[in-house]
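Notes to accompany the following structure.
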Amino acid sequence: MKKQTIISALSVFALFFMWTTIIIAQEKTTEIFREIEGKVIDAESHNDLVFADIVIEDSNISTVTNSDGHFALKIPEAYLNGTIAISYLGYEKITLPVSEFEDHIKIRLHPVTTALAEVSIVTTPKNAEAIVRECLSKKSSLYNNQNTLMTAFYRESIKKRRRNASLSEAVVRIHKKPYDNLSRDYIELVKARKTTDYDKLDTLALKLQGGPFSNLYTDMIKYPEYIFNNESIPHYNFNFDSATKINDRLIYVINFKQKEHLNTPLYYGKLFIDAETLALTNAVYSLNISNRTLSSEYFVRKKPRRAEVYPTETAYRVNYRTKNGKWHYAYSNISLTFKVNWEGKLFNSTYTLNSEMAVTDWEINENKLTKNRSQILRPTTILTEKASGFSDPRFWGAYNIIEPEKSIQSAIKKIQKQLKRT
């Protein structure tokens, strides 16, 4: 496993005393759209359903619910007579007409029960590792193999303890290469905004190295080298968990964990694989950080000599969607928590970095994807150095975004007040 794995690469460095913001020009839009909002909950427990898919049927327009179960979706005029599908792994999918959506602000999804007959001894495979290997081998037949231009929303935040200290958001275009070749995707920045409260960051900051690329590389079908490849798969144990359903399709759930005799930090988690096609639909996983010294080497590129920095929690998620029988990357989330111990100081600091990226629209583009070189991001680009402030409520126009969680909304309001005063 390469220590310079980009999905987990971070740098820790001292803050500059002065900083500059780059103003990104707004894109004006005359498109007519309707914005709807809602909340998705479990019909029985009333718990919020996080990362539920919200999709306009017969389109490529979509979003996901946030950590509070809330979502907002901007619907172009052409789809105002259409329907919206709401789905979540292990729950019954429902559809609602856009015209009636104002009566369905709170959406209740019912858990589905997987009948034992559907996962009987006869039909359930015996070798979980063999299923994973076959799943990874099917990218040429099950995943989109055309050049695709994806519009995506990206957000990254830094929290000191529980308080937001830095927020960055961007609309990007992912120039997605076919899954069946080795060409790498590239990302074009459309617009962005950011702010940082340096008082909350003290004299140390953590930045997510690579920005949106960190999330893009969680696409383990396109980039298996970052977690599963021919060399690393033998280092894992695989076993079947209880099956579930998504959109009325049976899903195998496979647990994976590194073998006990290995000292190198590897990953552990769950893979959700469609039982009929063996396509990967979702994955949730974490890095084994029990070895503090080795796991720190995965993340910390640079730090002050008097500070000890190490991860205490890691969490990764990637979701795929399907259309016309072909799957594609749809959403990913990364959450990393670090502890910083300063030599000679009684108290330590805890920082949490969270980034998420959701594909909100996409189109097949058979023509050669041209690059706007001035806006192309490098994998080493730090997004917060390319963004401006939260000053214009119309900043995003008709673009779909992930609805901010309550704590982020509060931080944005505070930031807007500060901007007015200055």
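In the structure tokens, chains take letters A, B, ... by order of appearance, with residues numbered from 1 within each chain and ligands from 1 in the order shown.
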May I have the residues within 12 Å of Thr322 of chain A as a compact mmCIF listing (two decimals) with N, CA and C atoms, in the first residue's frame, using only C-alpha atoms and disregarding those fewer than 5 positions away in the same chain?
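Now in part23.txt:
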# COMPACT_ATOMS: atom_id res chain seq x y z
N ASP A 53 -30.53 9.44 -1.42
CA ASP A 53 -30.48 9.94 -2.80
C ASP A 53 -31.79 10.62 -3.17
N VAL A 55 -33.41 12.17 -6.58
CA VAL A 55 -33.14 12.19 -8.02
C VAL A 55 -34.41 12.57 -8.78
N GLU A 57 -36.49 11.90 -11.74
CA GLU A 57 -36.55 10.74 -12.63
C GLU A 57 -36.44 11.17 -14.10
N ASP A 58 -35.86 10.29 -14.91
CA ASP A 58 -35.63 10.53 -16.34
C ASP A 58 -34.72 11.74 -16.56
N SER A 59 -33.82 11.98 -15.61
CA SER A 59 -32.83 13.04 -15.76
C SER A 59 -31.56 12.59 -15.04
N ASN A 60 -30.53 13.41 -15.14
CA ASN A 60 -29.29 13.14 -14.40
C ASN A 60 -29.13 14.10 -13.23
N LEU A 142 -20.00 -3.04 -16.54
CA LEU A 142 -21.09 -2.51 -15.72
C LEU A 142 -21.03 -1.01 -15.51
N TYR A 143 -19.88 -0.39 -15.77
CA TYR A 143 -19.72 1.04 -15.47
C TYR A 143 -19.60 1.84 -16.76
N ASN A 144 -19.89 3.12 -16.64
CA ASN A 144 -19.97 3.98 -17.81
C ASN A 144 -18.62 4.04 -18.53
N ILE A 246 -31.77 -2.35 -2.04
CA ILE A 246 -31.83 -0.97 -2.48
C ILE A 246 -32.61 -0.95 -3.79
N ASN A 247 -33.62 -0.09 -3.83
CA ASN A 247 -34.49 0.00 -5.02
C ASN A 247 -35.00 -1.38 -5.45
N ASP A 274 -24.42 -5.52 -5.68
CA ASP A 274 -25.67 -5.99 -6.27
C ASP A 274 -25.58 -7.49 -6.53
N THR A 277 -25.94 -8.45 -10.61
CA THR A 277 -24.91 -8.02 -11.55
C THR A 277 -23.51 -8.02 -10.96
N ALA A 279 -22.32 -5.52 -9.24
CA ALA A 279 -21.81 -4.15 -9.29
C ALA A 279 -21.70 -3.61 -7.87
N LEU A 280 -20.64 -2.85 -7.61
CA LEU A 280 -20.50 -2.18 -6.32
C LEU A 280 -21.45 -0.99 -6.29
N THR A 281 -22.34 -0.95 -5.30
CA THR A 281 -23.31 0.14 -5.20
C THR A 281 -22.92 1.17 -4.14
N ASN A 282 -22.28 0.71 -3.06
CA ASN A 282 -21.86 1.57 -1.97
C ASN A 282 -20.66 0.94 -1.26
N TRP A 327 -23.38 1.99 -14.24
CA TRP A 327 -23.14 2.64 -12.97
C TRP A 327 -22.10 3.74 -13.11
N HIS A 328 -22.16 4.73 -12.20
CA HIS A 328 -21.15 5.78 -12.20
C HIS A 328 -21.01 6.34 -10.78
N TYR A 329 -19.88 6.96 -10.53
CA TYR A 329 -19.61 7.62 -9.25
C TYR A 329 -20.66 8.70 -9.00
N ALA A 330 -21.19 8.76 -7.76
CA ALA A 330 -22.24 9.72 -7.47
C ALA A 330 -21.96 10.60 -6.25
- Message: Just list as a PyMOL selection string whatever in segment 241-416 of chain A DSSP marks as strand (DSSP E or B).
- Response: chain A and resi 244-246+249-258+267-274+280-287+300+307-323+326-342+349-364+376-377+388
- Please report, as a PyMOL selection string, each residue of segment 254-375 of chain A to which DSSP assigns helix (DSSP H, G or I) when run on this structure's backbone. chain A and resi 292-299+373-375
Please report, as a Markdown table, each residue of segment 43-162 of chain A lying at most 7 Å from segment 346-365 of chain A, together with the nearest pair of atoms and the separation in Å rounded to one decimal; use only C-alpha atoms, and order rows by chain and ascending residue number.
| residue | atom | partner | partner_atom | distance |
| --- | --- | --- | --- | --- |
| A:Asn60 | CA | A:Asp361 | CA | 5.1 |
| A:Ile61 | CA | A:Asp361 | CA | 4.6 |
| A:Ser62 | CA | A:Thr360 | CA | 4.8 |
| A:Thr63 | CA | A:Thr360 | CA | 5.6 |
| A:Gln146 | CA | A:Ile364 | CA | 6.6 |
| A:Asn147 | CA | A:Asn365 | CA | 5.4 |
| A:Thr148 | CA | A:Ile364 | CA | 4.5 |
| A:Leu149 | CA | A:Glu363 | CA | 5.5 |
| A:Met150 | CA | A:Trp362 | CA | 4.1 |
| A:Thr151 | CA | A:Asp361 | CA | 5.1 |
| A:Ala152 | CA | A:Val359 | CA | 4.1 |
| A:Phe153 | CA | A:Ala358 | CA | 5.4 |
| A:Tyr154 | CA | A:Met357 | CA | 4.3 |
| A:Arg155 | CA | A:Glu356 | CA | 5.5 |
| A:Glu156 | CA | A:Ser355 | CA | 4.1 |
| A:Ser157 | CA | A:Asn354 | CA | 5.3 |
| A:Ile158 | CA | A:Leu353 | CA | 4.6 |
| A:Lys159 | CA | A:Thr352 | CA | 5.1 |
| A:Lys160 | CA | A:Tyr351 | CA | 4.6 |
| A:Arg161 | CA | A:Thr350 | CA | 5.3 |
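With distances restricted to only C-alpha atoms, A:Val172 is the closest residue to Tyr399 of chain A from A:Val172, A:Asn164, A:Tyr179, A:Ile289.
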- Query: Taking only C-alpha atoms into account, which of A:Val340, A:Ala78, A:Ala170, A:Ile36 comes nearest Glu100 of chain A?
  - Reply: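 For Glu100 of chain A, the nearest of the given residues is A:Ile36.
When only C-alpha atoms are used to measure the gap to Leu136 of chain A, the shortest distance among A:Lys177, A:Lys326, A:Lys222, A:Lys194 belongs to A:Lys222.
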- Counting only C-alpha atoms, which of A:Asn341, A:Val132, A:Ser67, A:Ala307 gets nearest to Lys270 of chain A?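 Comparing A:Asn341, A:Val132, A:Ser67, A:Ala307 against Lys270 of chain A, the winner is A:Val132.
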- Task: For each of A:Asn66, A:Asn319, A:Ser99, A:Thr83, take the minimum atom-to-atom distance to Ile221 of chain A, counting only C-alpha atoms, then give the residue where this is smallest.
- Result: A:Asn319
- Item | Contacts of Val284 of chain A at 8 Å (only C-alpha atoms; same-chain gap of 6+ positions) as a list of chain:residue names |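 The filter keeps A:Gly269, A:Lys270, A:Leu271, A:Ala315, A:Tyr316, A:Arg317, A:Val318.
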